[in-house]
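K.L.:
Please find one structure pasted underneath; my questions will follow.
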Amino acid sequence: MQSEKRSNSLARQILQSVMDASLVPFLAILTAVIFGGIIIKIVGGDPILSYRGLIEGSFGSTKALSETAVWATPYIFAGLAVALAFKGGLFNIGAEGQLAVGAVVSSLIGYALPEWLGYDIPAIIHLPLAILFGVLMGGVWAGIVGALKAYTGGHEVINTIMMNYIALNTTSFLLNGVMKDRSPTNVIARTPLIADSARIPPLFEGLRIHWGFIFALLVAFFIWWLLTKTTLGFQIRTVGLNPDAAKYAGINVKRIIILTMVLSGMLAGMAGTIEVTGLNYRHELGFSIGYGFDAIAIALLGKSHPLGVVLASFLFAAMRNGATRMQFLTQMPVDLISMIQAFILLFVAADAIIRYIYRIKSKGERVVLTRGWGG
Amino acid sequence: MDWRRFGFIALIIIVLFGTVIMIGQVKQPPLLIITSMLATTIAVATPLALGALSGVYCERAGVVNIGIEGMMLSSAFFGWLGAIYMFHVFGMDIGISITLGVFFAILTGALMALLHAVLSITFKVDQIIGGTVINILAVGLTGFLNRQLFFGAGSVFGGNVPNSPGVLPTIHIPLTEIFTPVCGVSNACLVNLAAINRVFDQKPIAMGAILLVFFSHYVIFNTRWGLRTRAVGEHPKAADTVGIDVIKMRYANVIIGGMFAGLAGAYFTIESVPSFEPLLTNGRGFISLAAMIFGNWTPIGAWAASLVFGASQALLINMQIFRDVIPPQWSFLQESYIVGLTPYILTMFILTGIIGKTTPPAADGVPYEK
Amino acid sequence: MKKFHFISAMLIIGSMILAACGGGAPSAEDCSSEEVFCVGLVTDVGKINDKSFNQSAWEGVLKSQEDGVADVVQFIETADAKDYAKNIAQFGDAGYDVIVTVGFGLGEATNAAAATYPNVRFIGVDQFNAETVAGVSGLNFPEDNAGFLVGALAAMMSETNKIGAVCGTDVVPPVWRFGEGYKAGAAYADAEMGTTTEVFVVYHSDVGFDKTFTDPEWGAQTAKSMMDQGADAIFGCGGLTGNGAITAAAQAGAYAIGVDTDQYLTLPEAAPRMLSSAMKLITPGVADLIAATKDGSIQDGNVFGDAGYAPFHDLDGEVPAEVKAKMEEINAGLLDGSITTDVPPVKP
């Protein structure tokens with residue numbers, strides 16, 4: 001009886017805290033959606049039909065759900081990358097570049113390793129290798145920035161932006177040169193298809209959703225565990241909250257900064273590597289849709305909490321995926337989605353606006369990332 | 001003055017120019033190469049320098065601004081849109097429409113900066129997040145409006161993109177006219193004179209940008225306003241105790257910064273080419289941020305750094321022009337992907353502090369609370 | 001108090017979702033019926049209003065509607081390459097009769113969809129298939145011929161004997177063929193006329209793939225740089241980047257040469273100095289193929305559209321009669337095969 005009561009109140013507490021944490025993001029989304037609807041109306045569109053298309057296109061059928069999960073997979077990884085860095089007090093704008101180098105390396109391992117060795121490798125070895133090297137490359141790419149931050153004080157925002165450009169140029173160079181698919185029918189900058197042994201199998205026959213999605217959920221759980229249950233996680237959070245205090249507490253701040261960036265880069269690299277091994281089976285130079293910036297928005301919307309990141313990833317994935325159906329029904333341009341996302345981010349970041357509109361009291365918590373540039 | 005830094009910048013620019021001259025001299029006389037590269041360098045540096053100035057004003061007052069890119073993009077759009085509206089809908093004169101377009105661009109920059117100020121100063125939102133909001137918002141807003149207003153039968157202009165009234169005219173500096181008598185009858189002298197004159201014949205925003213650099217340098221380091229701005233950015237508490245209104249100073253400087261970003265936006269659609277395309281700023285706002293840091297938060301330094309970015313783009317263009325005459329051992333210079341990395345790597349190098357420490361304003365990025 | 005607001009908010013969104021689900025049926029006509037002829041277009045990862053090949057192809061679709069061939073037309077813009085298949089399926093499932101896919105990037109997705117939707121005619125713009133795929137007609141253009149023509153024209157018209165071309169990335173084969181054709185054309189004219197023309201061709205490859213066609217500012221600077229070094233005719237080939245170059249050339253009083261369509265009509269800012277354009281007639285090509293689908297005369301496999309050079313318009317008086325005659329001679333030679341550009345289809 002007693003214990004039942006206690007567990008009951010515990011459950012209620014958890015529910016209460018989840019509701020508290022999700023109230024502002026929820027209202028931010030709602031407000032942004034209403035804003036978006038007003039804008040559609042102003043430009044002469046049909047808001048109801050547009051949103052209907054968006055919902056149908058993202059959740060309306062098994063295929064639509066599968067596609068939403070396909071979109072959510074890289075978002076979860078990239079969102080976690082930014083969120084983890086946030087927890088450590090670092091701002092990783094470079095997810096885009098880390099993702100690209102991860103994808104390049106893992107496609108290289110995927111198509112070239114059997115050629116180099118001269119024989120086929122079993123999937124049980126080949127696939128993990130392809131993923132591992134892509135992930136490591138992402139970690140190295142971000143680790144350089146972390147090391148520069150730790151040892152010279154060079155600010156990670158500028159350095160990750162610069163590393164994005166470097167990644168972009170290097171990728172173009174490789175995909176147009178040594179890594180280009182030389183088959184006679186190909187004319188564009190892309191790698192050859194990776195071997196079957198380096199591919200992540202689909203979850204269900206006939207749908208594109210693949211095991212990488214499940215992997216993403218597991219990784220999200222792992223990051224939650226890492227941040228809340230381990231010493232390293234505690235150290236990362238402490239450095240993020242107050243590097244000076246962390247130093248006095250005997251934490252090796254430099255080491256933690258580098259480690260945080262490496263882990264963050266590995267997650268971003270994973271986003272690229274899973275896209276290659278699970279979905280596209282090659283890397284292709286394409287129009288960047290700005291995973292890097294989407295990831296920042298996702299991390300902020302999810303309050304840097306792994307569960308929040310997963311939920312926010314689903315929201316963004318649903319919007320991007322449902323956009324096809326919305327266009328088909330109403331011819332509303334995809335840019336509308338970017339605008340709604342910007343509003344969501346605006347309201348989440350400036351939660352004072354939301355608290356004012358809905359008369360909610362503030363709890364006085366605030367994200368602090370900016371600590372000047374040079375350090 | 002930070003001579004070591006300027007020496008380093010000058011050295012890079014000389015190396016970039018020297019490389020092109022060395023390779024191109026078999027095809028073109030060196031003077032022609034220098035003048036052509038200088039013209040490109042100055043033009044490319046214009047929006048970067050203005051963007052960097054925007055950053056300098058904001059950050060000297062203690063507000064980090066990574067929203068320069070978004071401010072530029074939205075100003076480029078609304079300036080261009082304003083000029084078109086004035087010209088086609090209100091039937092105004094070409095010159096007036098264009099001038100008003102510049103005004104609209106500056107106004108847009110100021111409004112975006114106001115949003116940034118409200119977020120970061122009043123609501124004390126993390127300033128980098130505030131800037132990110134502006135960047136994402138600008139992409140969505142300009143892309144959406146560009147599409148809704150100009151494309152399809154139901155749009156304002158019925159699907160036909162109306163041609164913009166045009167671009168700002170080039171201002172001719174009469175060097176040729178003044179120095180022609182010096183040349184006498186020497187034809188080579190006249191040709192060289194014309195080539196040199198082309199460097200000085202710039203458009204109003206490009207010229208204005210250079211003047212604004214020196215003007216801003218004077219304002220920030222030699223006036224009361226500048227002293228107060230820097231005080232607010234370095235030590236807001238102390239500034240407050242001597243009676244400076246920290247909040248007001250920050251608001252003012254962020255909005256001034258936004259106006260500079262707005263002028264940079266106007267450069268794209270009203271001075272360089274008379275059309276707007278989605279994402280046309282192409283990350284130049286981020287490059288100007290790098291230029292600002294490269295130049296150690298000083299207007300002249302930021303301008304010099306912008307020239308480095310300009311010169312490296314001039315090198316890239318010329319390497320392709322002289323593709324046929326590049327000696328085999330220098331063939332890597334043709335790889336634009338590799339050579340294109342130079343400015344980014346240099347920026348990261350500068351940030352390490354090997355060439356003189358970069359020192360941002362002490363309270364940069366910290367919201368002020370009494 | 002707080003709870004109350006939360007609940008009211010829930011109610012609002014709940015009612016919105018209900019309203020969304022209960023909304024009226026889509027107003028589009030039923031494309032699955034035999035009588036209604038529907039045409040859908042899927043862009044590559046670019047905008048429908050890109051003033052370049054996506055837009056030209058869409059205008060071809062619109063033209064077929066105006067001509068009374070198509071009853072319903074619709075497009076979907078692709079935001080990410082992974083959506084190609086999904087976007088095509090959107091039309092396929094709705095029972096569209098023709099699906100136009102634009103760009104080489106959609107080639108594989110198009111061929112795969114042709115197997116899934118055997119009753120649909122696929123028109124792949126700029127998609128060259130080595131082997132014929134049932135249900136797919138690839139619309140291709142000899143861009144090198146068009147580039148060759150304007151290259152020869154520029155070389156013959158230049159007074160400084162220096163001409164330039166500002167292009168998008170050479171990674172995209174049609175762009176590369178335009179640029180290399182331009183060079184070859186200038187060389188041909190030199191051989192015929194006994195002149196020596198210096199040709200500057202610059203590709204915008206130092207940025208991301210998405211930026212290379214949408215950077216008018218870079219195009220303008222590059223064109224200016226060429227003119228500073230003496231070039232007096234500039235060919236802009238590569239979407240908006242090229243447009244920037246053309247506009248800058250026209251402003252400086254040099255000869256401007258357009259691409260894809262007759263840009264005298266699409267770039268009014270540059271019209272007074274527009275010498276000609278290297279034309280690749282996507283719009284009529286797409287419209288013709290749609291019409292051929294309706295009357296049943298369409299064939300599987302590659303179809304070659306028209307390429308040529310646009311009229312001289314305002315500058316007609318400046319072009320000497322012998323140049324005009326030579327241009328017609330070259331055009332005829334290219335068409336009957338007596339002149340070849342020797343440009344391979346893909347950058348080696």
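Just remember, in the structure tokens the first chain shown is A, the second B, etc., residues are 1-based per chain, and ligands are 1-based in the order shown.
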Need to verify the contact set: C:Tyr188, 9 Å, only C-alpha atoms, exclusion of same-chain residues closer than 2 positions in sequence. Can you return it as a list in words?

P.N.:
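Close residues of C:Tyr188: Phe148, Gly151, Ala152, Lys183, Ala184, Gly185, Ala186, Asp190, Ala191, Glu192, Met193 and Thr341 of chain C.
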
K.L.:
Write out as a PDB file with N, CA and C atoms, in the first residue's frame every residue belonging to chain C that has an atom at most 8 Å from any atom of chain B, counting only C-alpha atoms.

P.N.:
```
ATOM      1  N   ASN C  49      11.769  27.903 -59.867  1.00  0.00           N
ATOM      2  CA  ASN C  49      11.988  29.211 -60.503  1.00  0.00           C
ATOM      3  C   ASN C  49      13.475  29.526 -60.566  1.00  0.00           C
ATOM      4  N   PHE C 200      39.466  32.741 -72.532  1.00  0.00           N
ATOM      5  CA  PHE C 200      39.476  32.454 -71.087  1.00  0.00           C
ATOM      6  C   PHE C 200      38.197  31.704 -70.755  1.00  0.00           C
ATOM      7  N   VAL C 201      38.314  30.500 -70.228  1.00  0.00           N
ATOM      8  CA  VAL C 201      37.117  29.804 -69.737  1.00  0.00           C
ATOM      9  C   VAL C 201      37.316  29.533 -68.253  1.00  0.00           C
ATOM     10  N   VAL C 202      36.399  30.045 -67.440  1.00  0.00           N
ATOM     11  CA  VAL C 202      36.521  29.848 -65.998  1.00  0.00           C
ATOM     12  C   VAL C 202      35.270  29.137 -65.485  1.00  0.00           C
ATOM     13  N   TYR C 203      35.485  28.036 -64.776  1.00  0.00           N
ATOM     14  CA  TYR C 203      34.372  27.309 -64.151  1.00  0.00           C
ATOM     15  C   TYR C 203      34.341  27.653 -62.662  1.00  0.00           C
ATOM     16  N   SER C 205      34.103  26.223 -59.615  1.00  0.00           N
ATOM     17  CA  SER C 205      34.128  24.914 -58.956  1.00  0.00           C
ATOM     18  C   SER C 205      34.603  24.986 -57.525  1.00  0.00           C
ATOM     19  N   ASP C 206      34.963  26.188 -57.067  1.00  0.00           N
ATOM     20  CA  ASP C 206      35.583  26.263 -55.749  1.00  0.00           C
ATOM     21  C   ASP C 206      34.573  26.414 -54.623  1.00  0.00           C
ATOM     22  N   VAL C 207      33.302  26.188 -54.915  1.00  0.00           N
ATOM     23  CA  VAL C 207      32.300  26.257 -53.847  1.00  0.00           C
ATOM     24  C   VAL C 207      31.467  24.992 -53.874  1.00  0.00           C
ATOM     25  N   LYS C 211      26.124  25.975 -54.758  1.00  0.00           N
ATOM     26  CA  LYS C 211      26.411  27.386 -54.916  1.00  0.00           C
ATOM     27  C   LYS C 211      26.868  27.713 -56.327  1.00  0.00           C
ATOM     28  N   THR C 214      24.387  29.483 -58.528  1.00  0.00           N
ATOM     29  CA  THR C 214      23.559  30.537 -57.939  1.00  0.00           C
ATOM     30  C   THR C 214      24.411  31.631 -57.331  1.00  0.00           C
ATOM     31  N   ASP C 215      25.491  31.996 -57.997  1.00  0.00           N
ATOM     32  CA  ASP C 215      26.393  32.978 -57.420  1.00  0.00           C
ATOM     33  C   ASP C 215      26.638  34.110 -58.418  1.00  0.00           C
ATOM     34  N   PRO C 216      25.611  34.937 -58.675  1.00  0.00           N
ATOM     35  CA  PRO C 216      25.768  35.985 -59.682  1.00  0.00           C
ATOM     36  C   PRO C 216      26.910  36.944 -59.362  1.00  0.00           C
ATOM     37  N   GLU C 217      27.124  37.157 -58.061  1.00  0.00           N
ATOM     38  CA  GLU C 217      28.185  38.084 -57.657  1.00  0.00           C
ATOM     39  C   GLU C 217      29.552  37.573 -58.122  1.00  0.00           C
ATOM     40  N   ALA C 220      29.820  37.992 -61.883  1.00  0.00           N
ATOM     41  CA  ALA C 220      30.096  39.373 -62.270  1.00  0.00           C
ATOM     42  C   ALA C 220      31.568  39.706 -62.052  1.00  0.00           C
ATOM     43  N   GLN C 221      32.111  39.313 -60.894  1.00  0.00           N
ATOM     44  CA  GLN C 221      33.517  39.626 -60.613  1.00  0.00           C
ATOM     45  C   GLN C 221      34.445  38.935 -61.605  1.00  0.00           C
ATOM     46  N   THR C 222      34.129  37.698 -61.929  1.00  0.00           N
ATOM     47  CA  THR C 222      34.993  36.964 -62.846  1.00  0.00           C
ATOM     48  C   THR C 222      34.950  37.596 -64.239  1.00  0.00           C
ATOM     49  N   LYS C 224      34.315  40.696 -64.909  1.00  0.00           N
ATOM     50  CA  LYS C 224      35.048  41.970 -64.839  1.00  0.00           C
ATOM     51  C   LYS C 224      36.540  41.724 -64.918  1.00  0.00           C
ATOM     52  N   SER C 225      36.981  40.683 -64.200  1.00  0.00           N
ATOM     53  CA  SER C 225      38.395  40.369 -64.198  1.00  0.00           C
ATOM     54  C   SER C 225      38.877  40.054 -65.620  1.00  0.00           C
ATOM     55  N   MET C 226      38.062  39.310 -66.372  1.00  0.00           N
ATOM     56  CA  MET C 226      38.425  38.994 -67.759  1.00  0.00           C
ATOM     57  C   MET C 226      38.455  40.245 -68.620  1.00  0.00           C
ATOM     58  N   ASP C 228      38.984  43.268 -67.586  1.00  0.00           N
ATOM     59  CA  ASP C 228      40.152  44.053 -67.204  1.00  0.00           C
ATOM     60  C   ASP C 228      41.385  43.578 -67.975  1.00  0.00           C
ATOM     61  N   GLN C 229      41.397  42.302 -68.303  1.00  0.00           N
ATOM     62  CA  GLN C 229      42.548  41.768 -69.035  1.00  0.00           C
ATOM     63  C   GLN C 229      42.317  41.780 -70.537  1.00  0.00           C
ATOM     64  N   LEU C 240      22.462  31.221 -62.747  1.00  0.00           N
ATOM     65  CA  LEU C 240      22.486  32.597 -62.276  1.00  0.00           C
ATOM     66  C   LEU C 240      23.906  33.115 -62.206  1.00  0.00           C
ATOM     67  N   GLY C 244      25.035  36.678 -63.917  1.00  0.00           N
ATOM     68  CA  GLY C 244      25.814  37.748 -63.317  1.00  0.00           C
ATOM     69  C   GLY C 244      26.905  38.209 -64.262  1.00  0.00           C
ATOM     70  N   THR C 247      25.345  40.150 -67.255  1.00  0.00           N
ATOM     71  CA  THR C 247      24.935  41.496 -66.880  1.00  0.00           C
ATOM     72  C   THR C 247      26.154  42.399 -66.723  1.00  0.00           C
ATOM     73  N   ALA C 248      27.194  41.885 -66.080  1.00  0.00           N
ATOM     74  CA  ALA C 248      28.398  42.690 -65.876  1.00  0.00           C
ATOM     75  C   ALA C 248      29.027  43.045 -67.222  1.00  0.00           C
ATOM     76  N   LEU C 267      16.802  38.401 -69.913  1.00  0.00           N
ATOM     77  CA  LEU C 267      17.672  39.285 -69.135  1.00  0.00           C
ATOM     78  C   LEU C 267      17.588  40.698 -69.699  1.00  0.00           C
ATOM     79  N   PRO C 268      16.483  41.397 -69.423  1.00  0.00           N
ATOM     80  CA  PRO C 268      16.318  42.727 -70.015  1.00  0.00           C
ATOM     81  C   PRO C 268      17.459  43.679 -69.674  1.00  0.00           C
ATOM     82  N   GLU C 269      18.108  43.456 -68.505  1.00  0.00           N
ATOM     83  CA  GLU C 269      19.195  44.366 -68.107  1.00  0.00           C
ATOM     84  C   GLU C 269      20.349  44.300 -69.106  1.00  0.00           C
TER      85      GLU C 269
END
```

K.L.:
Find the residues near A:Gly292: any atom within 12 Å, counting only C-alpha atoms, skip ones fewer than 4 places away on the same chain, and give them as an MDAnalysis selection string.

P.N.:
(chainID A and resid 74:82 91:100 160:161 164 265 268:269 271:272 288 296:299) or (chainID B and resid 132 136)

K.L.:
Taking only C-alpha atoms into account, find every residue of chain A that has an atom no more than 9 Å from chain B, and write it out as a PyMOL selection string.

P.N.:
chain A and resi 43-44+91+148-149+151-155+158-159+161-163+165-166+168-173+293-294+296-297+300+332-343+345-346+349-353+366-375

K.L.:
Using only C-alpha atoms, find the one residue out of B:Phe215, B:Phe90, B:Phe260, B:Phe200 that sits nearest to B:Ile173.

P.N.:
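Of all the options, B:Phe200 lies closest to B:Ile173.
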
K.L.:
Quick one, how far is atom CA of A:Gly53 from atom CA of A:Leu30?

P.N.:
17.2 Å

K.L.:
Find the distance between atom CA of A:Arg199 and atom CA of A:Met137 and write it in Å to one decimal.

P.N.:
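Taking atom CA of A:Arg199 and atom CA of A:Met137, their separation equals 18.8 Å.
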